[in-house]
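Below is target.txt, holding compact mmCIF, C-alpha atoms.
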# COMPACT_ATOMS: atom_id res chain seq x y z
CA MET A 1 42.49 -43.49 -45.48
CA THR A 2 40.17 -40.71 -46.64
CA LYS A 3 36.91 -39.84 -44.91
CA ARG A 4 35.06 -40.72 -48.12
CA LEU A 5 36.58 -44.24 -48.17
CA ILE A 6 35.82 -44.73 -44.48
CA ARG A 7 32.19 -43.74 -45.07
CA ALA A 8 31.97 -46.14 -48.05
CA LEU A 9 33.34 -49.05 -46.02
CA ALA A 10 30.99 -48.30 -43.15
CA LEU A 11 28.04 -48.18 -45.54
CA GLY A 12 29.05 -51.51 -47.08
CA LEU A 13 29.28 -53.20 -43.70
CA ALA A 14 25.94 -51.72 -42.67
CA MET A 15 24.34 -53.16 -45.78
CA LEU A 16 25.68 -56.67 -45.05
CA ALA A 17 24.62 -56.80 -41.41
CA PRO A 18 20.81 -56.52 -41.66
CA ALA A 19 20.39 -59.84 -43.51
CA ALA A 20 21.50 -61.87 -40.51
CA GLN A 21 20.15 -59.43 -37.90
CA ALA A 22 16.69 -59.29 -39.45
CA PHE A 23 16.40 -63.04 -40.03
CA PRO A 24 13.75 -64.28 -39.88
CA ASP A 25 11.42 -61.54 -41.05
CA ASN A 26 9.32 -64.03 -43.04
CA PRO A 27 7.86 -67.45 -42.17
CA ILE A 28 10.35 -70.32 -42.03
CA ARG A 29 9.10 -73.47 -43.74
CA ILE A 30 10.31 -76.81 -42.41
CA VAL A 31 9.61 -79.26 -45.22
CA VAL A 32 8.77 -82.84 -44.26
CA PRO A 33 9.47 -85.40 -47.01
CA PHE A 34 6.54 -87.61 -45.97
CA SER A 35 2.79 -87.41 -45.44
CA PRO A 36 1.35 -86.02 -42.18
CA GLY A 37 1.14 -88.27 -39.14
CA GLY A 38 4.42 -90.21 -39.38
CA GLY A 39 7.40 -90.02 -37.05
CA THR A 40 9.27 -87.44 -39.15
CA ASP A 41 6.20 -85.24 -39.37
CA ILE A 42 5.58 -85.44 -35.63
CA LEU A 43 9.19 -84.52 -34.86
CA ALA A 44 9.13 -81.60 -37.30
CA ARG A 45 5.96 -80.20 -35.73
CA GLN A 46 7.41 -80.53 -32.24
CA VAL A 47 10.54 -78.60 -33.30
CA ALA A 48 8.49 -75.99 -35.20
CA GLU A 49 6.22 -75.39 -32.22
CA ALA A 50 9.15 -75.15 -29.82
CA LEU A 51 10.97 -72.64 -32.05
CA SER A 52 7.82 -70.57 -32.50
CA THR A 53 7.31 -70.44 -28.74
CA SER A 54 10.94 -69.90 -27.73
CA GLU A 55 12.11 -67.52 -30.45
CA LYS A 56 8.77 -65.94 -31.46
CA TRP A 57 9.49 -67.03 -35.03
CA ASN A 58 6.78 -67.94 -37.49
CA VAL A 59 7.72 -71.56 -38.24
CA ILE A 60 5.38 -73.72 -40.30
CA VAL A 61 5.57 -77.33 -41.46
CA GLU A 62 4.95 -78.27 -45.08
CA ASN A 63 4.54 -81.89 -46.18
CA ARG A 64 5.94 -82.86 -49.59
CA PRO A 65 5.80 -86.66 -49.87
CA GLY A 66 7.07 -88.69 -52.78
CA GLY A 67 9.98 -90.83 -53.89
CA ASN A 68 11.04 -91.75 -50.34
CA GLY A 69 12.02 -88.14 -49.75
CA ALA A 70 13.50 -87.44 -53.19
CA VAL A 71 10.72 -85.02 -54.21
CA ALA A 72 11.18 -82.79 -51.16
CA LEU A 73 14.99 -82.98 -51.14
CA GLY A 74 15.13 -82.14 -54.83
CA ALA A 75 12.89 -79.11 -54.25
CA ILE A 76 15.01 -77.87 -51.35
CA SER A 77 18.22 -78.29 -53.36
CA ARG A 78 16.78 -75.81 -55.90
CA ALA A 79 15.26 -73.37 -53.37
CA PRO A 80 16.70 -69.92 -52.56
CA ALA A 81 19.56 -70.27 -50.07
CA ASP A 82 18.14 -67.74 -47.62
CA GLY A 83 17.10 -70.01 -44.75
CA TYR A 84 13.36 -69.67 -45.27
CA GLN A 85 13.00 -73.14 -46.79
CA ILE A 86 14.73 -75.95 -44.93
CA ILE A 87 14.07 -79.67 -44.62
CA LEU A 88 13.97 -82.21 -41.81
CA ALA A 89 15.79 -85.04 -43.58
CA LEU A 90 16.73 -88.39 -42.17
CA ARG A 91 19.47 -90.89 -42.78
CA GLU A 92 17.47 -93.14 -45.06
CA ASN A 93 16.52 -90.46 -47.60
CA ILE A 94 19.66 -88.31 -47.69
CA VAL A 95 22.22 -91.12 -47.29
CA ILE A 96 20.82 -94.60 -47.97
CA ALA A 97 18.49 -93.81 -50.90
CA PRO A 98 21.16 -91.93 -52.90
CA LEU A 99 23.64 -94.74 -52.30
CA LEU A 100 21.14 -97.30 -53.59
CA ASN A 101 20.20 -95.15 -56.57
CA ASN A 102 23.25 -92.97 -57.19
CA SER A 103 22.79 -92.88 -60.96
CA GLY A 104 19.16 -91.79 -60.86
CA SER A 105 19.11 -89.35 -57.94
CA VAL A 106 17.71 -85.87 -58.57
CA PHE A 107 20.16 -84.32 -56.09
CA ASP A 108 23.72 -84.72 -54.87
CA PRO A 109 23.59 -85.08 -51.07
CA LEU A 110 27.21 -83.97 -50.64
CA LYS A 111 27.02 -80.87 -52.85
CA ASP A 112 23.43 -79.59 -52.89
CA PHE A 113 22.76 -78.93 -49.20
CA THR A 114 23.91 -76.93 -46.19
CA SER A 115 24.07 -78.91 -42.93
CA ILE A 116 22.36 -76.87 -40.20
CA VAL A 117 21.71 -78.92 -37.07
CA HIS A 118 21.62 -82.54 -35.89
CA VAL A 119 18.17 -82.91 -34.32
CA ALA A 120 17.91 -86.46 -33.00
CA ASP A 121 18.97 -90.09 -33.24
CA ALA A 122 16.34 -92.84 -33.25
CA PRO A 123 17.04 -96.53 -32.58
CA MET A 124 14.68 -99.19 -33.89
CA VAL A 125 13.07 -102.18 -32.26
CA VAL A 126 12.81 -105.77 -33.51
CA ALA A 127 9.47 -107.23 -32.49
CA THR A 128 7.43 -110.39 -32.99
CA GLY A 129 3.70 -111.08 -32.83
CA PRO A 130 1.63 -111.65 -29.70
CA ASP A 131 1.17 -115.38 -30.43
CA SER A 132 4.72 -115.96 -31.65
CA PRO A 133 6.60 -118.97 -30.28
CA PHE A 134 9.74 -116.84 -30.08
CA GLY A 135 10.60 -115.35 -26.73
CA SER A 136 14.01 -113.94 -27.59
CA LEU A 137 16.04 -112.75 -30.55
CA LYS A 138 18.34 -115.76 -30.11
CA GLN A 139 15.41 -118.12 -30.65
CA VAL A 140 14.48 -116.27 -33.82
CA LEU A 141 17.99 -116.38 -35.24
CA ASP A 142 18.42 -120.05 -34.30
CA ALA A 143 15.19 -120.85 -36.17
CA ALA A 144 16.30 -118.80 -39.16
CA LYS A 145 19.63 -120.62 -39.25
CA ALA A 146 17.92 -124.02 -39.02
CA LYS A 147 15.52 -123.19 -41.86
CA PRO A 148 16.92 -120.48 -44.15
CA ASP A 149 14.52 -118.28 -46.13
CA THR A 150 11.44 -119.29 -44.17
CA LEU A 151 11.01 -116.54 -41.55
CA ARG A 152 9.45 -113.33 -42.90
CA PHE A 153 10.87 -109.99 -41.73
CA GLY A 154 8.67 -106.93 -42.37
CA THR A 155 10.24 -103.50 -42.90
CA SER A 156 8.99 -100.00 -43.62
CA GLY A 157 10.15 -100.23 -47.22
CA GLN A 158 12.86 -101.06 -49.71
CA GLY A 159 16.00 -99.12 -48.78
CA SER A 160 14.60 -98.05 -45.41
CA MET A 161 16.48 -98.05 -42.12
CA SER A 162 14.59 -101.19 -41.07
CA HIS A 163 15.76 -102.82 -44.31
CA LEU A 164 19.33 -101.86 -43.41
CA LEU A 165 18.71 -103.35 -39.95
CA LEU A 166 17.54 -106.64 -41.50
CA ALA A 167 20.51 -106.75 -43.89
CA GLN A 168 23.11 -106.06 -41.19
CA LEU A 169 21.53 -108.42 -38.67
CA GLY A 170 21.35 -111.19 -41.27
CA LYS A 171 24.99 -110.70 -42.18
CA ARG A 172 26.23 -110.61 -38.57
CA ALA A 173 24.17 -113.66 -37.56
CA ASP A 174 24.80 -115.48 -40.87
CA VAL A 175 21.09 -116.13 -41.45
CA LYS A 176 18.73 -115.59 -44.36
CA MET A 177 15.19 -114.33 -43.87
CA ILE A 178 12.56 -113.26 -46.37
CA HIS A 179 12.32 -109.48 -46.71
CA VAL A 180 8.75 -108.18 -46.84
CA PRO A 181 8.79 -104.41 -47.56
CA TYR A 182 5.76 -102.28 -46.62
CA LYS A 183 4.89 -98.66 -47.27
CA GLY A 184 5.69 -97.54 -43.75
CA SER A 185 6.02 -99.00 -40.25
CA ASN A 186 2.33 -99.04 -39.34
CA PRO A 187 1.25 -101.44 -42.15
CA ALA A 188 4.14 -103.74 -41.23
CA LEU A 189 3.22 -103.70 -37.54
CA THR A 190 -0.45 -104.34 -38.34
CA ASP A 191 0.51 -107.40 -40.40
CA LEU A 192 2.76 -108.54 -37.55
CA VAL A 193 -0.23 -108.47 -35.21
CA GLY A 194 -2.21 -110.46 -37.78
CA GLY A 195 0.50 -113.11 -38.09
CA HIS A 196 1.37 -112.39 -41.74
CA VAL A 197 5.07 -111.91 -40.88
CA GLU A 198 7.13 -113.33 -38.03
CA LEU A 199 9.26 -110.25 -37.33
CA VAL A 200 9.19 -106.51 -37.91
CA GLY A 201 11.90 -103.91 -37.51
CA GLY A 202 10.57 -100.41 -37.04
CA SER A 203 10.96 -97.15 -35.22
CA ILE A 204 10.26 -97.14 -31.49
CA ALA A 205 7.95 -94.16 -31.99
CA SER A 206 5.76 -96.22 -34.33
CA ALA A 207 5.92 -99.46 -32.34
CA LYS A 208 5.48 -98.06 -28.82
CA SER A 209 1.67 -97.96 -28.84
CA PHE A 210 1.55 -101.57 -30.13
CA ILE A 211 3.98 -102.65 -27.41
CA ASP A 212 2.15 -100.81 -24.63
CA ALA A 213 -1.14 -102.43 -25.70
CA GLY A 214 0.43 -105.90 -25.68
CA ARG A 215 -0.21 -106.36 -29.38
CA ILE A 216 3.43 -107.14 -30.22
CA LYS A 217 6.44 -108.40 -28.23
CA PRO A 218 9.71 -106.42 -28.39
CA LEU A 219 12.82 -108.60 -28.62
CA ALA A 220 15.71 -106.14 -29.02
CA VAL A 221 16.61 -102.54 -29.83
CA SER A 222 19.10 -101.67 -32.55
CA SER A 223 21.28 -99.17 -30.66
CA ARG A 224 24.47 -100.05 -28.78
CA ALA A 225 22.75 -99.54 -25.43
CA ARG A 226 19.20 -99.88 -24.14
CA VAL A 227 16.82 -96.95 -24.51
CA SER A 228 14.79 -95.31 -21.76
CA ALA A 229 11.52 -95.77 -23.66
CA LEU A 230 11.98 -99.59 -23.47
CA PRO A 231 14.27 -100.15 -20.48
CA ASP A 232 13.60 -103.89 -20.19
CA VAL A 233 14.40 -104.63 -23.83
CA PRO A 234 18.03 -105.64 -24.50
CA SER A 235 20.14 -104.17 -27.27
CA ILE A 236 21.30 -106.39 -30.13
CA ALA A 237 24.87 -105.49 -29.13
CA GLU A 238 24.48 -106.89 -25.64
CA LEU A 239 23.04 -110.13 -27.04
CA GLY A 240 26.41 -111.08 -28.48
CA TYR A 241 26.80 -108.77 -31.48
CA ASP A 242 29.40 -106.34 -30.18
CA GLY A 243 29.31 -102.91 -31.74
CA PHE A 244 25.98 -103.49 -33.50
CA ASN A 245 24.40 -100.07 -33.93
CA VAL A 246 21.80 -99.36 -36.61
CA VAL A 247 19.99 -96.13 -35.86
CA THR A 248 18.53 -93.41 -37.98
CA TRP A 249 19.27 -89.74 -37.45
CA TYR A 250 17.31 -86.60 -38.24
CA GLY A 251 18.75 -83.25 -39.18
CA LEU A 252 17.84 -79.88 -40.63
CA PHE A 253 19.36 -79.05 -44.01
CA GLY A 254 19.02 -76.07 -46.33
CA PRO A 255 20.09 -75.40 -49.91
CA ALA A 256 23.81 -75.14 -50.60
CA GLY A 257 25.31 -71.69 -50.06
CA MET A 258 23.26 -70.48 -47.11
CA PRO A 259 24.78 -67.50 -45.25
CA GLN A 260 26.73 -68.78 -42.25
CA GLU A 261 25.11 -66.18 -39.99
CA VAL A 262 21.68 -67.60 -40.80
CA VAL A 263 22.91 -71.19 -40.40
CA GLN A 264 24.32 -70.35 -36.97
CA LYS A 265 21.12 -68.60 -35.92
CA ILE A 266 18.93 -71.61 -36.77
CA ASN A 267 21.45 -74.01 -35.23
CA GLN A 268 21.67 -72.15 -31.93
CA ALA A 269 17.91 -71.68 -31.64
CA THR A 270 17.24 -75.36 -32.38
CA ASN A 271 19.89 -76.55 -29.93
CA LYS A 272 18.37 -74.27 -27.32
CA VAL A 273 14.91 -75.88 -27.59
CA LEU A 274 16.34 -79.41 -27.86
CA LYS A 275 18.03 -78.94 -24.47
CA THR A 276 14.83 -77.99 -22.65
CA PRO A 277 13.45 -80.59 -20.19
CA ASP A 278 10.10 -80.68 -22.00
CA MET A 279 11.67 -81.49 -25.37
CA GLN A 280 14.06 -84.00 -23.81
CA ARG A 281 11.09 -85.77 -22.19
CA VAL A 282 9.02 -85.78 -25.40
CA LEU A 283 11.88 -87.19 -27.46
CA ALA A 284 12.76 -89.83 -24.85
CA GLU A 285 9.16 -91.05 -24.87
CA GLN A 286 9.58 -91.68 -28.60
CA GLY A 287 12.85 -93.52 -28.10
CA MET A 288 14.88 -90.61 -29.50
CA GLN A 289 18.09 -89.06 -28.22
CA THR A 290 19.44 -85.58 -28.94
CA THR A 291 22.94 -84.69 -30.05
CA ILE A 292 23.80 -81.02 -29.49
CA GLY A 293 26.47 -79.56 -31.74
CA SER A 294 27.52 -76.94 -34.25
CA PRO A 295 26.75 -76.92 -38.00
CA ASP A 296 30.33 -78.09 -38.62
CA ASP A 297 29.89 -80.98 -36.15
CA PHE A 298 26.76 -82.08 -37.98
CA ASP A 299 28.33 -81.71 -41.41
CA ARG A 300 31.33 -83.83 -40.42
CA MET A 301 29.07 -86.53 -38.98
CA PHE A 302 26.87 -86.54 -42.10
CA ARG A 303 29.77 -86.82 -44.54
CA SER A 304 31.56 -89.42 -42.44
CA ASP A 305 28.38 -91.48 -42.20
CA TYR A 306 27.87 -91.27 -45.97
CA THR A 307 31.39 -92.55 -46.62
CA ALA A 308 31.21 -95.31 -44.00
CA LEU A 309 27.78 -96.53 -45.07
CA SER A 310 28.85 -96.51 -48.71
CA GLU A 311 31.50 -99.08 -47.81
CA GLN A 312 29.23 -101.11 -45.49
CA MET A 313 26.45 -101.42 -48.04
CA LYS A 314 28.77 -102.99 -50.61
CA GLY A 315 28.67 -106.20 -48.60
CA LEU A 316 24.93 -106.16 -47.88
CA ASP A 317 22.06 -107.58 -49.89
CA MET A 318 19.84 -104.53 -50.28
CA ALA A 319 19.16 -104.67 -54.01
CA ALA A 320 15.64 -103.94 -55.25
CA GLU A 321 13.46 -107.02 -55.18
Rewrite the structure from the file as structure tokens, please.
Amino acid sequence: MTKRLIRALALGLAMLAPAAQAFPDNPIRIVVPFSPGGGTDILARQVAEALSTSEKWNVIVENRPGGNGAVALGAISRAPADGYQIILALRENIVIAPLLNNSGSVFDPLKDFTSIVHVADAPMVVATGPDSPFGSLKQVLDAAKAKPDTLRFGTSGQGSMSHLLLAQLGKRADVKMIHVPYKGSNPALTDLVGGHVELVGGSIASAKSFIDAGRIKPLAVSSRARVSALPDVPSIAELGYDGFNVVTWYGLFGPAGMPQEVVQKINQATNKVLKTPDMQRVLAEQGMQTTIGSPDDFDRMFRSDYTALSEQMKGLDMAAE
């Protein structure tokens, strides 16, 4: 090999290396597909602040609401694949919504994104009002079986995780309840307090303040096991529905084709902050649990979940009402 060829190869390698080494030399934008103040927004800001503190990166949060996440996900799918625009997506807008509207989606979840890191899993809670005659989930389901289509179940929206919870619970218990979709968990919980619906399924993060104030009564959580944020509340699985597990998950995604060096850098930095005691405590208080893993681990989980849920939803009544 000539000296000239050796110098050319060395120069080529030197030109490839700085992209990953220098990253990030510009602000990183974590896009949130909802308005400020919700659970996804809060989680994104906690991660952004932790990364800024730990890594000395300039990480900012940008809210792009609309279309149950479709606006933000569509924008990210068309963004430059350099790692400076990423999104905190969740199961309901990158898996459930496309499955419900696969012909009209503005993005392909399996082709248009790079899986970066699995941030957290979040069980939900089924709750009833403060003056409700129901003291347990069994009493609710017995009443629903005795009088089909009379009990009203509020959710955070059509095609939401709480809607999936209602559909799967109804199928497993062989009961029919009236679905009342709201534009978010807080309006549903407020109507639960006012007695306009008998049940609500929502995120623990949204419901916790209502529960702590005694404004609603928690009956069960949707994960396989109890959660530390509500240790006295049984899981649906332990109440006789073995294997029942309806939880949402949050993850960071970027546009398809991101450099693997950049993906690894964001993954490792995020996992590092997720493992800190402070972040573990903050997430546990919101009923969330972390899952540390590589980009490949997250990508396999995401694709497996998409395939499995595609099959599960064929037998569920989640059509638009």
Could you name the residues that touch region 276-279 of chain A at 10 Å or less, counting all atoms listed in the file, but leaving out those on the same chain fewer than 4 positions away, as a count of residues only?
9
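Taking CA of Lys171 (chain A) as the reference point, CA of Gly195 (chain A) is found at 24.9 Å.
Omitting region 231-239 of chain A and its sequence neighbours fewer than 2 positions away, and counting only C-alpha atoms, the residues within 8 Å are A:Lys138, A:Pro218, A:Leu219, A:Ala220, A:Val221, A:Ser222, A:Ser223, A:Arg224, A:Ala225, A:Arg226, A:Val227, A:Ser228, A:Ala229, A:Tyr241, A:Asp242, A:Gly243, A:Phe244, A:Asn245.
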Just the number, please: distance in Å from CA of Val117 (chain A) to CA of Ala70 (chain A), one decimal.
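If I compute the distance from CA of Val117 (chain A) to CA of Ala70 (chain A), I get 20.0 Å.
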What's the 9 Å shell around region 31-37 of chain A, counting all atoms listed in the file, without same-chain residues fewer than 4 positions away, as a PyMOL selection string?
chain A and resi 41-42+44+60-73+76+85-89+93
Contacts of Pro295 (chain A) at 12 Å (only C-alpha atoms; same-chain gap of 5+ positions) as a list in words
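Here the qualifying residues turn out to be Thr114, Ser115, Ile116, Val117, His118, Val119, Gly251, Leu252, Phe253, Gly254, Met258, Gln260, Glu261, Val262, Val263, Gln264, Lys265, Ile266, Asn267, Gln268, Thr270, Asn271, Arg300, Met301 and Phe302 of chain A.
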Residues from last step as file, C-alpha atoms, as a PDB file, in the frame of the given file:
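Contents of result_17.pdb, freshly written:
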ATOM      1  CA  THR A 114      23.910 -76.930 -46.190  1.00  0.00           C
ATOM      2  CA  SER A 115      24.070 -78.910 -42.930  1.00  0.00           C
ATOM      3  CA  ILE A 116      22.360 -76.870 -40.200  1.00  0.00           C
ATOM      4  CA  VAL A 117      21.710 -78.920 -37.070  1.00  0.00           C
ATOM      5  CA  HIS A 118      21.620 -82.540 -35.890  1.00  0.00           C
ATOM      6  CA  VAL A 119      18.170 -82.910 -34.320  1.00  0.00           C
ATOM      7  CA  GLY A 251      18.750 -83.250 -39.180  1.00  0.00           C
ATOM      8  CA  LEU A 252      17.840 -79.880 -40.630  1.00  0.00           C
ATOM      9  CA  PHE A 253      19.360 -79.050 -44.010  1.00  0.00           C
ATOM     10  CA  GLY A 254      19.020 -76.070 -46.330  1.00  0.00           C
ATOM     11  CA  MET A 258      23.260 -70.480 -47.110  1.00  0.00           C
ATOM     12  CA  GLN A 260      26.730 -68.780 -42.250  1.00  0.00           C
ATOM     13  CA  GLU A 261      25.110 -66.180 -39.990  1.00  0.00           C
ATOM     14  CA  VAL A 262      21.680 -67.600 -40.800  1.00  0.00           C
ATOM     15  CA  VAL A 263      22.910 -71.190 -40.400  1.00  0.00           C
ATOM     16  CA  GLN A 264      24.320 -70.350 -36.970  1.00  0.00           C
ATOM     17  CA  LYS A 265      21.120 -68.600 -35.920  1.00  0.00           C
ATOM     18  CA  ILE A 266      18.930 -71.610 -36.770  1.00  0.00           C
ATOM     19  CA  ASN A 267      21.450 -74.010 -35.230  1.00  0.00           C
ATOM     20  CA  GLN A 268      21.670 -72.150 -31.930  1.00  0.00           C
ATOM     21  CA  THR A 270      17.240 -75.360 -32.380  1.00  0.00           C
ATOM     22  CA  ASN A 271      19.890 -76.550 -29.930  1.00  0.00           C
ATOM     23  CA  ARG A 300      31.330 -83.830 -40.420  1.00  0.00           C
ATOM     24  CA  MET A 301      29.070 -86.530 -38.980  1.00  0.00           C
ATOM     25  CA  PHE A 302      26.870 -86.540 -42.100  1.00  0.00           C
TER      26      PHE A 302
END
Using only C-alpha atoms, which of A:Leu199, A:Trp249, A:Gly129, A:Gly293 sits nearest Arg215 (chain A)?
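Under the stated criterion, the closest residue is A:Gly129.
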Of the residues A:Tyr182, A:Phe210, A:Trp57, A:Phe298, which is the one nearest to Arg29 (chain A), using all atoms listed in the file?
A:Trp57
Calculated over all atoms listed in the file, which of the candidates A:Glu55, A:Glu198, A:Glu311, A:Asp121 has the smallest distance to Val140 (chain A)?
A:Glu198
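CA of Ser160 (chain A) is positioned 10.9 Å from CA of Ser203 (chain A).
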Go through A:Phe23, A:Phe107, A:Phe113, A:Phe134 and flag the residue nearest Asp82 (chain A), using all atoms listed in the file for the distances.
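When distances to Asp82 (chain A) are compared using all atoms listed in the file, the smallest one comes from A:Phe23.
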Answer as a PyMOL selection string, residues within 6 Å of (20.2, -85.7, -47.9) using all atoms listed in the file:
chain A and resi 94-95+109
Please provide the set of residues having any atom within 10 Å of Val59 (chain A), restricted to only C-alpha atoms, with same-chain residues fewer than 6 positions apart removed, written as an NGL selection string.
:A and (24 or 26-30 or 45 or 47-53 or 84)
When distances are computed from only C-alpha atoms, which of A:Asn186, A:Thr40, A:Asn101, A:Ser54 shows the smallest separation from Gly159 (chain A)?
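Under the stated criterion, the closest residue is A:Asn101.
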